[in-house]
file query.cif (mmCIF, C-alpha atoms)
data_structure
loop_
_atom_site.label_atom_id
_atom_site.label_comp_id
_atom_site.auth_asym_id
_atom_site.auth_seq_id
_atom_site.Cartn_x
_atom_site.Cartn_y
_atom_site.Cartn_z
CA MET Y 13 6.93 19.67 6.54
CA ARG Y 14 5.95 20.03 2.92
CA ALA Y 15 3.20 17.69 1.79
CA PHE Y 16 3.02 16.01 -1.61
CA ARG Y 17 0.61 17.96 -3.75
CA PHE Y 18 -0.43 18.53 -7.33
CA ASN Y 19 1.56 21.18 -9.20
CA GLY Y 20 2.71 23.38 -6.37
CA VAL Y 21 6.44 23.78 -6.69
CA ARG Y 22 9.23 23.16 -9.16
CA LEU Y 23 11.17 19.80 -8.92
CA LEU Y 24 11.49 18.63 -12.51
CA ALA Y 25 10.05 15.11 -12.60
CA ALA Y 26 10.20 12.93 -15.69
CA SER Y 27 8.47 9.55 -15.73
CA CYS Y 28 9.64 6.43 -17.52
CA LEU Y 29 7.96 3.01 -17.38
CA LEU Y 30 10.44 0.21 -18.07
CA VAL Y 31 10.03 -3.56 -17.83
CA TRP Y 32 12.78 -5.80 -16.51
CA ALA Y 33 14.25 -6.66 -19.92
CA ALA Y 34 14.65 -2.98 -20.74
CA LEU Y 35 16.23 -1.89 -17.49
CA VAL Y 36 19.09 -0.03 -19.17
CA GLY Y 37 18.33 3.12 -21.10
CA GLY Y 38 16.80 6.46 -20.29
CA CYS Y 39 13.49 8.22 -20.69
CA GLY Y 40 12.73 10.07 -23.87
CA GLY Y 41 11.71 13.69 -23.86
CA GLU Y 42 13.11 14.55 -20.43
CA PRO Y 43 13.49 18.23 -19.61
CA SER Y 44 16.81 19.77 -18.62
CA ARG Y 45 19.13 16.84 -19.25
CA ASP Y 46 21.97 18.70 -17.55
CA LEU Y 47 20.23 18.19 -14.19
CA PRO Y 48 21.37 15.18 -12.12
CA ALA Y 49 19.08 12.15 -12.43
CA ARG Y 50 17.73 10.02 -9.59
CA THR Y 51 15.66 6.85 -9.91
CA ILE Y 52 12.70 5.46 -8.00
CA TYR Y 53 12.52 1.70 -8.45
CA PHE Y 54 9.06 0.11 -8.51
CA SER Y 55 8.90 -3.67 -8.01
CA VAL Y 56 5.36 -4.90 -8.74
CA PRO Y 57 3.79 -7.92 -10.45
CA LEU Y 58 4.02 -7.65 -14.24
CA SER Y 59 3.06 -11.28 -14.87
CA GLY Y 60 0.66 -13.81 -13.38
CA PRO Y 61 -2.81 -13.24 -11.87
CA LEU Y 62 -1.88 -9.88 -10.31
CA ALA Y 63 -0.30 -8.36 -13.44
CA GLN Y 64 -3.13 -5.85 -13.96
CA ARG Y 65 -2.86 -4.71 -10.35
CA GLY Y 66 0.88 -4.28 -10.79
CA ARG Y 67 0.30 -2.22 -13.90
CA ASP Y 68 -2.15 0.03 -12.07
CA LEU Y 69 0.21 0.46 -9.11
CA ALA Y 70 2.95 1.53 -11.51
CA ASP Y 71 0.58 3.76 -13.47
CA GLY Y 72 -0.34 5.45 -10.20
CA ALA Y 73 3.37 6.25 -9.79
CA VAL Y 74 3.56 7.53 -13.38
CA LEU Y 75 0.63 9.84 -12.68
CA ALA Y 76 2.25 11.11 -9.47
CA LEU Y 77 5.43 12.02 -11.34
CA ASP Y 78 3.47 13.66 -14.13
CA GLN Y 79 1.59 15.86 -11.68
CA THR Y 80 4.50 16.66 -9.39
CA ASN Y 81 6.50 19.82 -9.73
CA TYR Y 82 8.68 20.25 -6.67
CA ASP Y 83 10.93 23.21 -5.98
CA THR Y 84 14.16 21.86 -4.50
CA PRO Y 85 16.31 19.96 -5.08
CA ASP Y 86 16.65 20.42 -8.84
CA VAL Y 87 16.94 16.83 -10.01
CA ARG Y 88 15.27 14.68 -12.61
CA ILE Y 89 13.31 11.74 -11.21
CA LYS Y 90 12.93 8.61 -13.31
CA LEU Y 91 10.74 5.60 -12.60
CA ARG Y 92 11.96 2.07 -13.32
CA VAL Y 93 9.39 -0.69 -13.02
CA LEU Y 94 10.51 -4.28 -12.45
CA ASP Y 95 8.58 -7.55 -12.09
CA SER Y 96 8.39 -8.44 -8.41
CA LYS Y 97 8.69 -12.15 -9.19
CA ASN Y 98 12.43 -11.29 -9.24
CA GLU Y 99 12.22 -9.43 -5.92
CA ALA Y 100 15.63 -10.39 -4.50
CA LEU Y 101 17.38 -9.50 -7.75
CA ASN Y 102 15.45 -6.26 -8.08
CA LEU Y 103 16.56 -5.08 -4.65
CA ARG Y 104 20.18 -5.94 -5.40
CA VAL Y 105 19.99 -3.96 -8.65
CA ALA Y 106 18.51 -0.94 -6.86
CA ARG Y 107 21.12 -1.05 -4.10
CA ALA Y 108 23.91 -1.22 -6.68
CA ASP Y 109 22.56 1.81 -8.57
CA ARG Y 110 24.29 4.85 -7.10
CA ASN Y 111 21.47 7.02 -8.44
CA ALA Y 112 18.69 5.01 -6.78
CA LEU Y 113 16.66 7.25 -4.52
CA ALA Y 114 13.95 4.87 -3.29
CA TYR Y 115 12.64 1.34 -3.79
CA VAL Y 116 8.89 0.64 -3.72
CA THR Y 117 7.54 -2.91 -3.69
CA ASN Y 118 4.33 -4.86 -3.16
CA ARG Y 119 6.28 -7.58 -1.32
CA GLU Y 120 6.94 -8.09 2.37
CA PRO Y 121 10.63 -7.39 3.06
CA ALA Y 122 12.60 -10.58 3.74
CA ALA Y 123 13.73 -10.87 7.35
CA GLN Y 124 17.37 -11.13 6.37
CA ALA Y 125 17.13 -7.94 4.32
CA ALA Y 126 15.23 -5.88 6.90
CA THR Y 127 18.31 -4.33 8.49
CA ALA Y 128 19.51 -1.18 6.81
CA SER Y 129 22.81 -1.18 4.97
CA VAL Y 130 25.14 0.81 7.22
CA ARG Y 131 27.33 1.96 4.34
CA ASP Y 132 24.62 2.86 1.83
CA PRO Y 133 21.05 2.80 3.16
CA LEU Y 134 18.15 2.99 0.72
CA LEU Y 135 14.60 4.16 1.42
CA ARG Y 136 12.29 1.20 0.89
CA ILE Y 137 8.51 1.58 0.87
CA THR Y 138 6.43 -1.58 0.92
CA LEU Y 139 2.73 -1.94 0.17
CA ALA Y 140 2.61 -5.26 2.03
CA PRO Y 141 1.11 -4.81 5.52
CA ASP Y 142 3.57 -5.37 8.37
CA THR Y 143 3.02 -8.72 10.09
CA ALA Y 144 5.28 -8.14 13.10
CA PRO Y 145 5.61 -5.45 15.78
CA PRO Y 146 7.61 -2.43 14.57
CA ASN Y 147 11.35 -2.62 15.03
CA PRO Y 148 13.02 0.81 15.13
CA ALA Y 149 16.44 -0.86 14.80
CA SER Y 150 15.61 -1.96 11.23
CA SER Y 151 14.03 1.25 9.99
CA GLU Y 152 14.99 1.15 6.35
CA VAL Y 153 11.47 0.05 5.39
CA ILE Y 154 8.25 2.07 5.59
CA HIS Y 155 5.06 -0.01 5.62
CA LEU Y 156 2.59 2.34 3.95
CA LEU Y 157 -0.56 0.26 4.52
CA PRO Y 158 -1.96 -0.51 7.99
CA SER Y 159 -0.45 -3.55 9.70
CA ALA Y 160 -1.97 -7.05 9.72
CA ALA Y 161 -2.83 -6.58 13.40
CA TYR Y 162 -4.94 -3.51 12.59
CA ALA Y 163 -6.57 -5.39 9.72
CA GLY Y 164 -7.65 -8.04 12.24
CA MET Y 165 -9.00 -5.39 14.58
CA ALA Y 166 -10.92 -3.77 11.71
CA LEU Y 167 -12.38 -7.17 10.86
CA ALA Y 168 -13.55 -7.60 14.46
CA GLN Y 169 -15.26 -4.21 14.36
CA ALA Y 170 -16.90 -5.06 11.04
CA VAL Y 171 -18.26 -8.32 12.45
CA THR Y 172 -19.50 -6.95 15.78
CA ASP Y 173 -21.09 -3.87 14.18
CA GLY Y 174 -23.36 -6.12 12.15
CA ASN Y 175 -23.82 -8.63 14.99
CA PRO Y 176 -24.56 -11.56 12.62
CA ARG Y 177 -25.52 -14.96 14.01
CA ALA Y 178 -22.77 -16.79 12.12
CA VAL Y 179 -19.71 -15.67 10.19
CA ILE Y 180 -17.29 -17.23 7.73
CA LEU Y 181 -13.92 -15.48 7.71
CA ARG Y 182 -11.33 -15.54 4.99
CA GLY Y 183 -8.11 -14.14 6.33
CA GLY Y 184 -5.66 -15.55 3.85
CA GLY Y 185 -2.83 -17.88 4.69
CA ALA Y 186 0.79 -17.33 5.62
CA ALA Y 187 2.03 -14.60 7.95
CA PHE Y 188 -0.59 -11.96 7.09
CA GLY Y 189 -3.56 -14.24 7.75
CA ARG Y 190 -2.11 -15.63 10.98
CA ALA Y 191 -1.28 -12.20 12.38
CA ALA Y 192 -4.62 -10.70 11.36
CA LEU Y 193 -6.71 -13.55 12.77
CA ALA Y 194 -4.73 -13.53 16.02
CA ALA Y 195 -5.60 -9.84 16.42
CA PHE Y 196 -9.19 -10.59 15.44
CA ARG Y 197 -9.51 -13.27 18.14
CA GLN Y 198 -8.07 -10.96 20.76
CA ALA Y 199 -10.44 -8.15 19.80
CA MET Y 200 -13.45 -10.47 19.70
CA GLY Y 201 -12.58 -11.79 23.14
CA ALA Y 202 -13.11 -8.28 24.49
CA ALA Y 203 -16.31 -7.70 22.50
CA PRO Y 204 -19.45 -7.19 24.63
CA ALA Y 205 -21.54 -9.60 22.51
CA PRO Y 206 -19.28 -12.07 20.68
CA VAL Y 207 -20.67 -13.78 17.61
CA ALA Y 208 -21.63 -17.29 18.63
CA ASP Y 209 -20.48 -19.20 15.58
CA ILE Y 210 -17.35 -18.19 13.67
CA TRP Y 211 -15.73 -20.33 11.01
CA PHE Y 212 -12.19 -19.65 9.86
CA GLU Y 213 -12.07 -20.93 6.33
CA HIS Y 214 -8.34 -21.60 6.23
CA GLU Y 215 -8.49 -23.51 9.53
CA ASN Y 216 -11.50 -25.73 8.74
CA THR Y 217 -11.96 -28.22 5.95
CA ALA Y 218 -14.81 -27.77 3.51
CA ALA Y 219 -16.77 -30.56 5.21
CA PRO Y 220 -17.58 -28.72 8.47
CA LEU Y 221 -18.58 -25.63 6.52
CA THR Y 222 -20.85 -27.69 4.27
CA ALA Y 223 -22.31 -29.55 7.23
CA HIS Y 224 -22.93 -26.27 8.97
CA ALA Y 225 -24.96 -25.03 5.99
CA ASN Y 226 -26.75 -28.36 5.48
CA ALA Y 227 -27.94 -28.33 9.08
CA GLY Y 228 -30.25 -25.51 8.11
CA GLU Y 229 -28.25 -22.91 9.95
CA GLY Y 230 -26.91 -21.28 6.81
CA PRO Y 231 -23.34 -20.14 6.31
CA GLY Y 232 -24.00 -16.68 7.67
CA GLU Y 233 -22.16 -13.62 6.45
CA THR Y 234 -18.78 -13.91 4.78
CA PHE Y 235 -16.01 -11.39 5.45
CA GLN Y 236 -12.67 -11.34 3.68
CA LEU Y 237 -9.53 -9.46 4.59
CA ASP Y 238 -8.16 -7.67 1.55
CA HIS Y 239 -4.47 -7.73 0.67
CA VAL Y 240 -2.54 -6.11 -2.16
CA ASN Y 241 -1.06 -9.52 -3.07
CA GLN Y 242 -4.33 -11.47 -3.09
CA PRO Y 243 -6.40 -11.95 -6.25
CA ASP Y 244 -9.87 -10.49 -6.20
CA PRO Y 245 -12.46 -12.63 -4.39
CA SER Y 246 -14.23 -15.21 -6.53
CA THR Y 247 -17.47 -15.07 -4.54
CA ALA Y 248 -19.65 -12.44 -2.92
CA VAL Y 249 -18.12 -11.20 0.34
CA ASN Y 250 -17.87 -8.21 2.63
CA LEU Y 251 -14.38 -6.95 1.80
CA VAL Y 252 -12.48 -5.46 4.77
CA THR Y 253 -9.86 -3.35 3.02
CA PRO Y 254 -7.56 -0.35 3.47
CA ALA Y 255 -8.42 0.47 -0.16
CA MET Y 256 -11.60 2.37 0.59
CA ALA Y 257 -14.23 3.54 -1.84
CA SER Y 258 -13.11 6.74 -3.57
CA ARG Y 259 -15.98 8.66 -2.00
CA ASP Y 260 -14.52 7.90 1.45
CA TYR Y 261 -11.06 9.30 0.65
CA PRO Y 262 -10.24 12.97 1.28
CA HIS Y 263 -10.64 15.47 -1.52
CA SER Y 264 -7.17 14.78 -2.94
CA GLY Y 265 -8.04 11.06 -3.07
CA LYS Y 266 -11.16 11.80 -5.08
CA ARG Y 267 -9.05 13.94 -7.40
CA PHE Y 268 -6.61 11.05 -7.81
CA ALA Y 269 -9.40 8.70 -8.95
CA LYS Y 270 -10.60 11.18 -11.57
CA ALA Y 271 -7.08 12.11 -12.69
CA PHE Y 272 -6.12 8.44 -13.10
CA SER Y 273 -9.15 7.78 -15.29
CA ASP Y 274 -8.48 10.88 -17.39
CA PHE Y 275 -4.74 10.18 -17.74
CA HIS Y 276 -4.82 6.42 -18.38
CA GLY Y 277 -8.28 6.02 -19.90
CA ARG Y 278 -9.52 3.40 -17.44
CA GLU Y 279 -10.68 3.05 -13.85
CA PRO Y 280 -7.86 2.30 -11.38
CA ASP Y 281 -7.53 -0.85 -9.31
CA ARG Y 282 -8.49 -0.14 -5.71
CA PHE Y 283 -4.83 -0.28 -4.58
CA ALA Y 284 -3.50 2.04 -7.33
CA ILE Y 285 -3.82 5.03 -5.01
CA TYR Y 286 -1.10 3.52 -2.81
CA GLY Y 287 1.32 3.33 -5.74
CA TYR Y 288 0.59 7.00 -6.27
CA GLU Y 289 1.07 7.83 -2.60
CA ALA Y 290 4.31 5.82 -2.23
CA THR Y 291 5.80 7.91 -5.02
CA GLY Y 292 4.57 11.09 -3.36
CA LEU Y 293 6.12 10.05 -0.06
CA ALA Y 294 9.49 9.41 -1.74
CA LEU Y 295 9.36 12.78 -3.51
CA ASN Y 296 8.38 14.53 -0.29
CA ALA Y 297 11.42 12.99 1.41
CA ALA Y 298 13.72 13.92 -1.49
CA THR Y 299 12.51 17.50 -1.30
CA ASP Y 300 13.19 17.70 2.43
CA ALA Y 301 16.58 16.01 1.96
CA GLY Y 302 17.86 18.41 -0.71
CA GLU Y 303 21.00 20.38 0.03
CA SER Y 304 21.49 24.03 -0.89
CA ASP Y 305 23.58 23.01 -3.89
CA GLY Y 306 20.77 20.81 -5.23
CA THR Y 307 22.33 17.45 -4.32
CA VAL Y 308 20.23 14.61 -2.96
CA THR Y 309 21.69 11.54 -1.30
CA ARG Y 310 19.87 8.31 -0.58
CA ALA Y 311 20.92 8.42 3.08
CA ALA Y 312 19.45 11.91 3.49
CA THR Y 313 16.27 10.84 1.68
CA LEU Y 314 15.84 7.86 4.01
CA LYS Y 315 16.37 10.04 7.08
CA ALA Y 316 13.85 12.59 5.84
CA ALA Y 317 11.25 9.90 5.08
CA LEU Y 318 11.51 8.38 8.56
CA ALA Y 319 11.14 11.84 10.09
CA LEU Y 320 8.02 12.62 8.06
CA ARG Y 321 5.17 14.05 10.12
CA ASN Y 322 1.83 15.67 9.27
CA ARG Y 323 1.74 14.44 5.71
CA PHE Y 324 -1.49 15.19 3.86
CA GLY Y 325 -1.69 12.64 1.07
CA PRO Y 326 -4.56 11.33 -1.06
CA VAL Y 327 -4.99 8.38 1.33
CA GLY Y 328 -5.30 10.66 4.36
CA HIS Y 329 -3.29 12.53 6.98
CA TYR Y 330 -0.52 10.53 8.66
CA ASP Y 331 2.89 10.34 10.31
CA VAL Y 332 5.67 7.82 9.80
CA LEU Y 333 6.44 6.07 13.11
CA PRO Y 334 9.96 5.12 14.30
CA GLY Y 335 9.51 1.44 13.37
CA GLY Y 336 8.47 2.25 9.81
CA GLN Y 337 4.71 1.91 10.25
CA THR Y 338 2.38 4.80 9.54
CA THR Y 339 -0.60 6.21 11.39
CA LEU Y 340 -3.01 5.17 8.64
CA TYR Y 341 -5.65 3.07 10.39
CA MET Y 342 -8.72 3.55 8.19
CA PHE Y 343 -10.47 0.61 6.54
CA GLY Y 344 -13.49 0.31 4.31
CA ILE Y 345 -16.13 -2.41 4.37
CA ARG Y 346 -16.96 -2.81 0.71
CA PRO Y 347 -19.49 -5.23 -0.82
CA TRP Y 348 -17.87 -7.50 -3.41
CA PRO Y 349 -18.21 -7.51 -6.38
CA LEU Y 350 -17.52 -3.79 -6.22
CA ASP Y 351 -20.50 -1.81 -7.44
CA LEU Y 352 -20.58 1.98 -7.06
CA LYS Y 353 -24.36 2.11 -6.74
CA VAL Y 354 -24.40 -0.61 -4.09
CA GLU Y 355 -21.53 1.05 -2.25
CA GLU Y 356 -23.50 4.25 -1.86
CA GLU Y 357 -25.88 2.34 0.41
CA GLU Y 358 -23.80 -0.48 1.90
CA SER Y 359 -20.14 0.52 2.23
CA ARG Y 360 -18.87 2.05 5.44
CA THR Y 361 -15.62 3.22 6.98
CA ILE Y 362 -13.92 1.93 10.11
CA GLU Y 363 -11.19 3.72 12.04
CA VAL Y 364 -9.50 1.10 14.17
CA ALA Y 365 -9.70 1.82 17.90
CA ARG Y 366 -6.08 2.00 19.08
CA GLY Y 367 -4.84 1.53 22.62
#

call {"tool": "encode", "arguments": {"input": "query.cif", "output": "structure tokens"}}
result
Amino acid sequence: MRAFRFNGVRLLAASCLLVWAALVGGCGGEPSRDLPARTIYFSVPLSGPLAQRGRDLADGAVLALDQTNYDTPDVRIKLRVLDSKNEALNLRVARADRNALAYVTNREPAAQAATASVRDPLLRITLAPDTAPPNPASSEVIHLLPSAAYAGMALAQAVTDGNPRAVILRGGGAAFGRAALAAFRQAMGAAPAPVADIWFEHENTAAPLTAHANAGEGPGETFQLDHVNQPDPSTAVNLVTPAMASRDYPHSGKRFAKAFSDFHGREPDRFAIYGYEATGLALNAATDAGESDGTVTRAATLKAALALRNRFGPVGHYDVLPGGQTTLYMFGIRPWPLDLKVEEEESRTIEVARG
């Protein structure tokens, strides 16, 4: 299996960043216009509090296309970026585009849309952690980040490793928070020395937390589960995140961080590397799906992506499992606000213990 890599082979990749209003139209300056064109759709926040993160996710994809030079098939790859506030519409547009090769989003796939289209399946890669057990019957979606259950297990390891007297946990609401905290509780139940006093912020009102602190016991340490769709924390926390410090990524991950800064003139958001990797995964699948005559179909690309094994990407070495999850289980414990000097001393990496 060929891994996504910088400048190794020949697939001609042209990048084009388009907002929703400018969906029609092509990229300027593309090489070899006589080659067939295929499109990777990128649905990320372009407005609201996460707009900068969406921009960095998309810019990670732009960088991946700029650095990629695959051999076969000989097609042009274009990137079309849409605002994920229109998620349902975006997916319909991508499905209707006969040249769509893959669809990447920061959103959790809707349950009613999880089943693959029998007539015209489309590879979908989501950066939202899976909140349910994998379902091989609905394998049109690859969840690139570790699942909510593994996030909860990583949180339990982070808490027990430090063995604090009291802990405040911020797991987020909705499905991700519920699934992660359920896994956390299960893991803590098996811990040899459970923390005596744990407060779940979203399950307790402010009054008990305040009373706890006013009793002279102090609030203890605060841990927060990180999520691609959550704004950055507003207070100091221990951030339990799949978006590790760049120094903890493999060599290609470190190269990504430097290349992003050089290419875009700014430091990337901590999740930008996953936008880069999602694009690499799609290109890897397209390469493996190419026919001898250079054609690439979306069905063949989806099949190749789900069969992907031994991929060496900038976020680590992993396989894609039958239910669409990956074998990426690494998390970082990062002090927030993020500070590179502090991280050198305080950040650490956790590989979730799997049964």

call {"tool": "atom_distance", "arguments": {"input": "query.cif", "atom1": "CA of Asp244 (chain Y)", "atom2": "CA of Leu352 (chain Y)"}}
result
16.5 Å

call {"tool": "atom_distance", "arguments": {"input": "query.cif", "atom1": "CA of Arg323 (chain Y)", "atom2": "CA of Gly277 (chain Y)"}}
result
28.8 Å

call {"tool": "closest_residue", "arguments": {"input": "query.cif", "among": "Y:Ala63, Y:Ala255, Y:Val240, Y:Ala290", "to": "Ile137 (chain Y)", "atoms": "all atoms listed in the file"}}
result
Y:Ala290

call {"tool": "atom_distance", "arguments": {"input": "query.cif", "atom1": "CA of Ala112 (chain Y)", "atom2": "CA of Phe324 (chain Y)"}}
result
25.0 Å

call {"tool": "closest_residue", "arguments": {"input": "query.cif", "among": "Y:Leu156, Y:Ala316, Y:Ala284, Y:Ala187", "to": "Gly302 (chain Y)", "atoms": "all atoms listed in the file"}}
result
Y:Ala316

call {"tool": "closest_residue", "arguments": {"input": "query.cif", "among": "Y:Pro334, Y:Gly60, Y:Asp68, Y:His263", "to": "Tyr286 (chain Y)", "atoms": "all atoms listed in the file"}}
result
Y:Asp68

call {"tool": "decode", "arguments": {"input": "query.cif", "residues": "region 224-287 of chain Y", "atoms": "C-alpha atoms", "output": "PDB file, in the first residue's frame"}}
result
ATOM      1  CA  HIS Y 224     -16.894  22.729  46.966  1.00  0.00           C
ATOM      2  CA  ALA Y 225     -14.246  25.432  46.533  1.00  0.00           C
ATOM      3  CA  ASN Y 226     -15.601  27.602  49.368  1.00  0.00           C
ATOM      4  CA  ALA Y 227     -15.360  24.691  51.780  1.00  0.00           C
ATOM      5  CA  GLY Y 228     -11.612  25.080  51.603  1.00  0.00           C
ATOM      6  CA  GLU Y 229     -11.133  21.950  49.566  1.00  0.00           C
ATOM      7  CA  GLY Y 230     -10.266  23.798  46.370  1.00  0.00           C
ATOM      8  CA  PRO Y 231     -11.555  22.906  42.933  1.00  0.00           C
ATOM      9  CA  GLY Y 232      -8.684  20.559  42.208  1.00  0.00           C
ATOM     10  CA  GLU Y 233      -7.321  20.028  38.730  1.00  0.00           C
ATOM     11  CA  THR Y 234      -9.417  20.760  35.667  1.00  0.00           C
ATOM     12  CA  PHE Y 235      -9.311  18.508  32.608  1.00  0.00           C
ATOM     13  CA  GLN Y 236     -11.105  19.210  29.355  1.00  0.00           C
ATOM     14  CA  LEU Y 237     -11.759  16.887  26.449  1.00  0.00           C
ATOM     15  CA  ASP Y 238     -10.805  18.573  23.197  1.00  0.00           C
ATOM     16  CA  HIS Y 239     -13.040  18.440  20.133  1.00  0.00           C
ATOM     17  CA  VAL Y 240     -12.591  19.860  16.652  1.00  0.00           C
ATOM     18  CA  ASN Y 241     -16.001  21.572  16.942  1.00  0.00           C
ATOM     19  CA  GLN Y 242     -15.449  23.160  20.356  1.00  0.00           C
ATOM     20  CA  PRO Y 243     -14.069  26.686  20.766  1.00  0.00           C
ATOM     21  CA  ASP Y 244     -10.778  26.973  22.589  1.00  0.00           C
ATOM     22  CA  PRO Y 245     -11.059  26.835  26.394  1.00  0.00           C
ATOM     23  CA  SER Y 246     -11.622  30.161  28.119  1.00  0.00           C
ATOM     24  CA  THR Y 247      -9.779  29.163  31.289  1.00  0.00           C
ATOM     25  CA  ALA Y 248      -6.634  27.289  32.223  1.00  0.00           C
ATOM     26  CA  VAL Y 249      -7.107  23.526  31.855  1.00  0.00           C
ATOM     27  CA  ASN Y 250      -5.303  20.299  31.108  1.00  0.00           C
ATOM     28  CA  LEU Y 251      -6.397  19.670  27.518  1.00  0.00           C
ATOM     29  CA  VAL Y 252      -6.875  15.981  26.624  1.00  0.00           C
ATOM     30  CA  THR Y 253      -6.638  16.080  22.841  1.00  0.00           C
ATOM     31  CA  PRO Y 254      -5.846  13.959  19.774  1.00  0.00           C
ATOM     32  CA  ALA Y 255      -4.154  17.105  18.424  1.00  0.00           C
ATOM     33  CA  MET Y 256      -0.819  16.535  20.103  1.00  0.00           C
ATOM     34  CA  ALA Y 257       2.073  18.932  20.382  1.00  0.00           C
ATOM     35  CA  SER Y 258       4.071  18.989  17.143  1.00  0.00           C
ATOM     36  CA  ARG Y 259       7.121  17.601  18.938  1.00  0.00           C
ATOM     37  CA  ASP Y 260       5.121  14.436  19.745  1.00  0.00           C
ATOM     38  CA  TYR Y 261       4.156  13.743  16.120  1.00  0.00           C
ATOM     39  CA  PRO Y 262       6.359  11.586  13.876  1.00  0.00           C
ATOM     40  CA  HIS Y 263       8.927  13.246  11.665  1.00  0.00           C
ATOM     41  CA  SER Y 264       6.433  13.887   8.857  1.00  0.00           C
ATOM     42  CA  GLY Y 265       4.144  15.619  11.372  1.00  0.00           C
ATOM     43  CA  LYS Y 266       6.948  17.932  12.422  1.00  0.00           C
ATOM     44  CA  ARG Y 267       7.611  18.649   8.753  1.00  0.00           C
ATOM     45  CA  PHE Y 268       3.928  19.483   8.283  1.00  0.00           C
ATOM     46  CA  ALA Y 269       4.036  22.094  11.068  1.00  0.00           C
ATOM     47  CA  LYS Y 270       7.064  23.806   9.541  1.00  0.00           C
ATOM     48  CA  ALA Y 271       5.736  23.551   5.979  1.00  0.00           C
ATOM     49  CA  PHE Y 272       2.380  25.053   6.997  1.00  0.00           C
ATOM     50  CA  SER Y 273       4.085  28.024   8.633  1.00  0.00           C
ATOM     51  CA  ASP Y 274       6.349  28.552   5.624  1.00  0.00           C
ATOM     52  CA  PHE Y 275       3.523  28.178   3.081  1.00  0.00           C
ATOM     53  CA  HIS Y 276       0.779  30.182   4.815  1.00  0.00           C
ATOM     54  CA  GLY Y 277       2.857  32.566   6.923  1.00  0.00           C
ATOM     55  CA  ARG Y 278       1.269  31.675  10.262  1.00  0.00           C
ATOM     56  CA  GLU Y 279       1.216  28.909  12.844  1.00  0.00           C
ATOM     57  CA  PRO Y 280      -1.485  26.266  12.218  1.00  0.00           C
ATOM     58  CA  ASP Y 281      -4.404  25.525  14.510  1.00  0.00           C
ATOM     59  CA  ARG Y 282      -3.779  22.296  16.404  1.00  0.00           C
ATOM     60  CA  PHE Y 283      -6.342  20.410  14.263  1.00  0.00           C
ATOM     61  CA  ALA Y 284      -5.002  21.642  10.887  1.00  0.00           C
ATOM     62  CA  ILE Y 285      -2.836  18.537  10.566  1.00  0.00           C
ATOM     63  CA  TYR Y 286      -6.015  16.450  10.289  1.00  0.00           C
ATOM     64  CA  GLY Y 287      -7.258  18.511   7.347  1.00  0.00           C
TER      65      GLY Y 287
END
